[in-house]
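Pasting input_2.cif here (mmCIF, C-alpha atoms):
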```
data_data
#
loop_
_atom_site.group_PDB
_atom_site.id
_atom_site.type_symbol
_atom_site.label_atom_id
_atom_site.label_comp_id
_atom_site.auth_asym_id
_atom_site.auth_seq_id
_atom_site.Cartn_x
_atom_site.Cartn_y
_atom_site.Cartn_z
ATOM 1 C CA ALA A 72 0.000 0.000 0.000
ATOM 2 C CA ALA A 73 2.816 2.398 0.819
ATOM 3 C CA ARG A 74 4.347 1.828 -2.606
ATOM 4 C CA PHE A 75 1.270 1.696 -4.846
ATOM 5 C CA ALA A 76 -1.366 3.670 -2.904
ATOM 6 C CA PRO A 77 0.399 5.883 -0.354
ATOM 7 C CA SER A 78 -2.762 7.889 0.366
ATOM 8 C CA LEU A 79 -4.442 4.845 1.958
ATOM 9 C CA ARG A 80 -4.249 4.368 5.705
ATOM 10 C CA VAL A 81 -3.574 0.730 6.571
ATOM 11 C CA HIS A 82 -4.815 -0.726 9.861
ATOM 12 C CA VAL A 83 -3.786 -4.224 10.908
ATOM 13 C CA HIS A 84 -6.683 -5.746 12.828
ATOM 14 C CA ARG A 85 -5.092 -8.026 15.405
ATOM 15 C CA GLY A 86 -4.203 -8.307 19.059
ATOM 16 C CA ALA A 87 -5.849 -6.883 22.153
ATOM 17 C CA GLY A 88 -7.922 -3.755 21.693
ATOM 18 C CA ARG A 89 -8.361 -4.308 17.966
ATOM 19 C CA GLY A 90 -12.017 -3.256 18.136
ATOM 20 C CA ALA A 91 -11.036 0.374 18.701
ATOM 21 C CA VAL A 92 -9.781 0.656 15.124
ATOM 22 C CA LEU A 93 -13.165 -0.362 13.717
ATOM 23 C CA ALA A 94 -14.949 2.684 15.110
ATOM 24 C CA ASP A 95 -12.590 5.043 13.271
ATOM 25 C CA LEU A 96 -12.651 3.438 9.809
ATOM 26 C CA GLY A 97 -13.609 5.647 6.919
ATOM 27 C CA PRO A 98 -12.926 6.302 3.250
ATOM 28 C CA GLY A 99 -9.295 5.650 2.399
ATOM 29 C CA ASP A 100 -8.796 3.178 5.235
ATOM 30 C CA VAL A 101 -7.662 -0.385 4.625
ATOM 31 C CA LEU A 102 -8.319 -3.031 7.241
ATOM 32 C CA VAL A 103 -6.049 -6.072 7.123
ATOM 33 C CA ALA A 104 -7.115 -9.112 9.120
ATOM 34 C CA SER A 105 -6.462 -12.829 9.149
ATOM 35 C CA TYR A 106 -9.329 -15.178 8.428
ATOM 36 C CA ASP A 107 -9.259 -16.444 11.998
ATOM 37 C CA VAL A 108 -9.600 -12.918 13.393
ATOM 38 C CA VAL A 109 -12.454 -12.215 10.973
ATOM 39 C CA ALA A 110 -14.201 -15.343 12.252
ATOM 40 C CA LEU A 111 -13.657 -14.225 15.850
ATOM 41 C CA ASP A 112 -14.806 -10.646 15.234
ATOM 42 C CA ILE A 113 -17.541 -11.140 12.641
ATOM 43 C CA THR A 114 -20.175 -9.674 14.974
ATOM 44 C CA GLU A 115 -18.267 -6.377 15.009
ATOM 45 C CA LEU A 116 -17.258 -6.508 11.334
ATOM 46 C CA GLU A 117 -20.624 -7.450 9.848
ATOM 47 C CA PRO A 118 -22.355 -4.067 10.359
ATOM 48 C CA ILE A 119 -19.528 -2.206 8.607
ATOM 49 C CA ARG A 120 -20.041 -1.536 4.893
ATOM 50 C CA PHE A 121 -16.690 -1.879 3.145
ATOM 51 C CA ALA A 122 -16.095 -0.486 -0.318
ATOM 52 C CA THR A 123 -13.934 -3.456 -1.296
ATOM 53 C CA LEU A 124 -13.285 -6.899 0.112
ATOM 54 C CA VAL A 125 -10.044 -8.490 -1.040
ATOM 55 C CA VAL A 126 -9.814 -12.169 -0.176
ATOM 56 C CA ASP A 127 -6.143 -13.057 -0.475
ATOM 57 C CA GLU A 128 -5.037 -16.687 -0.551
ATOM 58 C CA ALA A 129 -8.702 -17.493 -1.150
ATOM 59 C CA GLN A 130 -8.046 -21.230 -1.159
ATOM 60 C CA ALA A 131 -8.098 -20.881 2.653
ATOM 61 C CA LEU A 132 -11.876 -20.516 2.235
ATOM 62 C CA LYS A 133 -12.351 -23.616 0.095
ATOM 63 C CA ASN A 134 -14.630 -25.268 2.654
ATOM 64 C CA ALA A 135 -17.908 -23.339 2.606
ATOM 65 C CA ALA A 136 -18.957 -24.982 5.872
ATOM 66 C CA SER A 137 -15.923 -23.663 7.767
ATOM 67 C CA LEU A 138 -16.260 -20.834 10.276
ATOM 68 C CA ARG A 139 -13.757 -18.811 8.255
ATOM 69 C CA ALA A 140 -15.715 -19.045 5.004
ATOM 70 C CA LYS A 141 -19.044 -18.385 6.717
ATOM 71 C CA ALA A 142 -17.627 -15.315 8.459
ATOM 72 C CA VAL A 143 -16.039 -13.841 5.333
ATOM 73 C CA ALA A 144 -19.279 -14.410 3.409
ATOM 74 C CA ARG A 145 -21.057 -12.209 5.983
ATOM 75 C CA ILE A 146 -18.786 -9.221 5.289
ATOM 76 C CA THR A 147 -20.686 -6.481 3.453
ATOM 77 C CA ALA A 148 -18.762 -4.967 0.554
ATOM 78 C CA SER A 149 -19.699 -3.168 -2.645
ATOM 79 C CA TRP A 150 -16.980 -4.928 -4.583
ATOM 80 C CA ARG A 151 -15.250 -8.268 -3.953
ATOM 81 C CA ILE A 152 -12.199 -9.965 -5.359
ATOM 82 C CA ALA A 153 -10.497 -13.260 -4.554
ATOM 83 C CA LEU A 154 -6.811 -13.849 -5.150
ATOM 84 C CA THR A 155 -5.475 -17.377 -5.338
ATOM 85 C CA GLY A 156 -3.089 -19.422 -7.365
ATOM 86 C CA THR A 157 -5.134 -22.547 -6.662
ATOM 87 C CA PRO A 158 -8.891 -21.921 -6.912
ATOM 88 C CA ILE A 159 -9.365 -25.690 -7.121
ATOM 89 C CA GLU A 160 -7.019 -28.023 -5.302
ATOM 90 C CA ASN A 161 -9.113 -31.176 -4.982
ATOM 91 C CA ARG A 162 -12.815 -30.684 -5.704
ATOM 92 C CA LEU A 163 -15.157 -28.303 -7.509
ATOM 93 C CA SER A 164 -16.793 -27.521 -4.160
ATOM 94 C CA GLU A 165 -13.724 -25.351 -3.481
ATOM 95 C CA LEU A 166 -14.459 -23.192 -6.514
ATOM 96 C CA TRP A 167 -18.097 -22.951 -5.472
ATOM 97 C CA SER A 168 -17.089 -21.864 -1.961
ATOM 98 C CA ILE A 169 -14.883 -19.037 -3.263
ATOM 99 C CA PHE A 170 -17.547 -17.863 -5.721
ATOM 100 C CA ALA A 171 -20.198 -17.986 -2.983
ATOM 101 C CA ILE A 172 -18.117 -15.314 -1.220
ATOM 102 C CA VAL A 173 -17.055 -13.094 -4.112
ATOM 103 C CA HIS A 174 -20.075 -13.495 -6.398
ATOM 104 C CA PRO A 175 -22.928 -14.943 -4.331
ATOM 105 C CA GLY A 176 -25.578 -16.623 -6.418
ATOM 106 C CA LEU A 177 -23.613 -16.882 -9.666
ATOM 107 C CA LEU A 178 -23.198 -20.633 -9.313
ATOM 108 C CA GLY A 179 -26.492 -21.165 -7.491
ATOM 109 C CA THR A 180 -26.922 -23.028 -4.239
ATOM 110 C CA TRP A 181 -24.479 -25.759 -3.347
ATOM 111 C CA GLU A 182 -27.124 -28.402 -4.018
ATOM 112 C CA HIS A 183 -27.838 -26.966 -7.480
ATOM 113 C CA PHE A 184 -24.117 -26.637 -8.300
ATOM 114 C CA ARG A 185 -23.393 -30.146 -7.049
ATOM 115 C CA GLU A 186 -26.100 -31.674 -9.264
ATOM 116 C CA ARG A 187 -25.424 -29.481 -12.310
ATOM 117 C CA PHE A 188 -21.624 -29.444 -12.281
ATOM 118 C CA ALA A 189 -19.704 -31.149 -9.470
ATOM 119 C CA ARG A 190 -21.150 -34.650 -9.766
ATOM 120 C CA PRO A 191 -21.266 -34.854 -13.562
ATOM 121 C CA ILE A 192 -17.746 -33.464 -13.919
ATOM 122 C CA GLU A 193 -16.036 -35.273 -11.049
ATOM 123 C CA ARG A 194 -17.874 -38.579 -11.204
ATOM 124 C CA ASP A 195 -18.726 -38.913 -14.886
ATOM 125 C CA HIS A 196 -15.950 -36.768 -16.405
ATOM 126 C CA ASP A 197 -18.643 -34.868 -18.316
ATOM 127 C CA HIS A 198 -16.677 -32.582 -20.648
ATOM 128 C CA ALA A 199 -19.799 -30.773 -21.839
ATOM 129 C CA ARG A 200 -20.646 -29.720 -18.273
ATOM 130 C CA LEU A 201 -17.036 -28.721 -17.675
ATOM 131 C CA SER A 202 -17.201 -26.547 -20.782
ATOM 132 C CA VAL A 203 -20.402 -24.875 -19.553
ATOM 133 C CA LEU A 204 -18.856 -24.220 -16.140
ATOM 134 C CA SER A 205 -15.679 -22.848 -17.717
ATOM 135 C CA ARG A 206 -17.685 -20.420 -19.869
ATOM 136 C CA LEU A 207 -19.723 -19.350 -16.837
ATOM 137 C CA VAL A 208 -16.733 -18.461 -14.646
ATOM 138 C CA ARG A 209 -14.361 -17.270 -17.409
ATOM 139 C CA PRO A 210 -15.431 -13.588 -17.189
ATOM 140 C CA PHE A 211 -14.544 -13.624 -13.499
ATOM 141 C CA VAL A 212 -11.245 -15.472 -13.650
ATOM 142 C CA LEU A 213 -8.007 -13.795 -14.628
ATOM 143 C CA ARG A 214 -5.242 -16.302 -15.013
ATOM 144 C CA ARG A 215 -1.653 -15.314 -15.555
ATOM 145 C CA LYS A 216 1.419 -17.466 -15.831
ATOM 146 C CA LYS A 217 4.505 -16.677 -13.833
ATOM 147 C CA GLU A 218 6.359 -15.763 -17.029
ATOM 148 C CA GLU A 219 3.771 -13.065 -17.756
ATOM 149 C CA VAL A 220 3.789 -11.313 -14.391
ATOM 150 C CA ALA A 221 7.098 -12.022 -12.734
ATOM 151 C CA THR A 222 9.688 -11.306 -15.361
ATOM 152 C CA ASP A 223 12.008 -9.788 -12.773
ATOM 153 C CA LEU A 224 12.206 -13.013 -10.763
ATOM 154 C CA PRO A 225 15.317 -15.117 -11.212
ATOM 155 C CA PRO A 226 14.885 -18.554 -12.756
ATOM 156 C CA ARG A 227 13.948 -21.335 -10.384
ATOM 157 C CA LEU A 228 16.963 -23.000 -8.886
ATOM 158 C CA GLU A 229 16.743 -26.695 -8.044
ATOM 159 C CA ILE A 230 19.190 -28.138 -5.569
ATOM 160 C CA THR A 231 19.474 -31.880 -5.021
ATOM 161 C CA ARG A 232 20.898 -32.942 -1.672
ATOM 162 C CA MET A 233 21.572 -36.549 -0.910
ATOM 163 C CA LEU A 234 20.812 -37.569 2.660
ATOM 164 C CA GLU A 235 21.939 -40.593 4.575
ATOM 165 C CA LEU A 236 19.080 -42.132 6.519
ATOM 166 C CA SER A 237 19.606 -43.861 9.821
ATOM 167 C CA ASP A 238 18.545 -47.506 10.052
ATOM 168 C CA ASP A 239 15.284 -46.505 11.775
ATOM 169 C CA GLU A 240 14.560 -43.779 9.181
ATOM 170 C CA ARG A 241 15.325 -46.176 6.311
ATOM 171 C CA ALA A 242 12.947 -48.811 7.785
ATOM 172 C CA LEU A 243 10.179 -46.218 8.207
ATOM 173 C CA TYR A 244 10.718 -44.904 4.676
ATOM 174 C CA GLU A 245 10.695 -48.409 3.203
ATOM 175 C CA ALA A 246 7.509 -49.352 5.084
ATOM 176 C CA GLU A 247 5.735 -46.209 3.803
ATOM 177 C CA ARG A 248 6.986 -46.801 0.260
ATOM 178 C CA ARG A 249 5.619 -50.370 0.295
ATOM 179 C CA ARG A 250 2.308 -49.227 1.803
ATOM 180 C CA ALA A 251 1.917 -46.605 -0.941
ATOM 181 C CA LEU A 252 2.695 -49.124 -3.669
ATOM 182 C CA GLU A 253 0.193 -51.606 -2.242
ATOM 183 C CA ALA A 254 -2.478 -48.923 -1.966
ATOM 184 C CA PHE A 255 -1.845 -47.894 -5.545
ATOM 185 C CA ALA A 256 -1.939 -51.487 -6.773
ATOM 186 C CA THR A 257 -5.319 -52.132 -5.088
ATOM 187 C CA SER A 258 -6.844 -48.880 -6.376
ATOM 188 C CA THR A 259 -6.151 -49.559 -10.049
#
```

Using structure tokens, write down the structure that the file contains.
Amino acid sequence: AARFAPSLRVHVHRGAGRGAVLADLGPGDVLVASYDVVALDITELEPIRFATLVVDEAQALKNAASLRAKAVARITASWRIALTGTPIENRLSELWSIFAIVHPGLLGTWEHFRERFARPIERDHDHARLSVLSRLVRPFVLRRKKEEVATDLPPRLEITRMLELSDDERALYEAERRRALEAFATST
């Protein structure tokens, strides 16, 4: 904020006495809070009308039933944006959860979304439904590759370090390796 918007006043909402800051918020103020603090203080935050809600690392809200996601969804804001490099890590429900916060109603209720998209795509690998979902969310998703936005970063450096395991560590490693192979063999 200091570099790109120096006129904004940034308030970090944490620690004892954090409620005092809320009473003095106004235009040009930015409130920064962790998801856990938002969940703790949602009763005080909910009546405040924010101009913008920025949900950073939005994958932290991938479970719509979590206290965090429920609390953030209760924040009133005229404009909302979610930032994440991984909008979907495991299931389409994660995408639905993020959209339920930043664009409530776009994807319908969870039950509707599950029947229309999640089940057909995840269970049946329905490419037509996936295409429909992709077209629906495309106007709201801006995807950039690292090469496009981080040209000043140095190239990734990979370092391989060989480690000597103790006898106990080697036995544990070998047991886990065998367990994984057996699990894989029975799942295919």

Residues matched by the PyMOL selection byres ((chain A and resi 154) around 8), written as a list in words: Val125, Val126, Asp127, Glu128, Ala129, Ile152, Ala153, Thr155 and Gly156 of chain A

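We find CA of Ile192 (chain A) and CA of Ser164 (chain A) to be spaced 11.5 Å apart.
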
Residues matched by the PyMOL selection byres ((chain A and resi 104-110) around 6) as a list in words: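 Against this file, the PyMOL selection byres ((chain A and resi 104-110) around 6) returns the residues His84, Val103, Leu111, Asp112, Ile113, Arg139 and Ala142 of chain A.
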
Please determine an axis-aligned box that encloses all atoms of region 209-222 of chain A listed in the file, with 4 Å added on each side, and express its centre and edge lengths in Å to one decimal as AutoDock Vina command-line options.
```
--center_x -2.9 --center_y -14.4 --center_z -15.2 --size_x 33.1 --size_y 14.2 --size_z 13.0
```

Coordinates-based distance that separates CA of Glu182 (chain A) from CA of Ala199 (chain A) (Å, one decimal):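 Atom-to-atom, CA of Ala199 (chain A) to CA of Glu182 (chain A), that is 19.4 Å.
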
Expected selection from the PyMOL selection byres ((chain A and resi 174-177) around 10), given as a list in words: Ala144, Trp150, Arg151, Ile152, Ala153, Trp167, Ser168, Ile169, Phe170, Ala171, Ile172, Val173, Leu178, Gly179, Thr180, Trp181, Phe184, Leu207, Val208 and Phe211 of chain A

Expected residue set, 10 Å radius at (-22.8, -8.0, 2.4), only C-alpha atoms, as a PyMOL selection string: chain A and resi 117-121+124+143-151+172+175
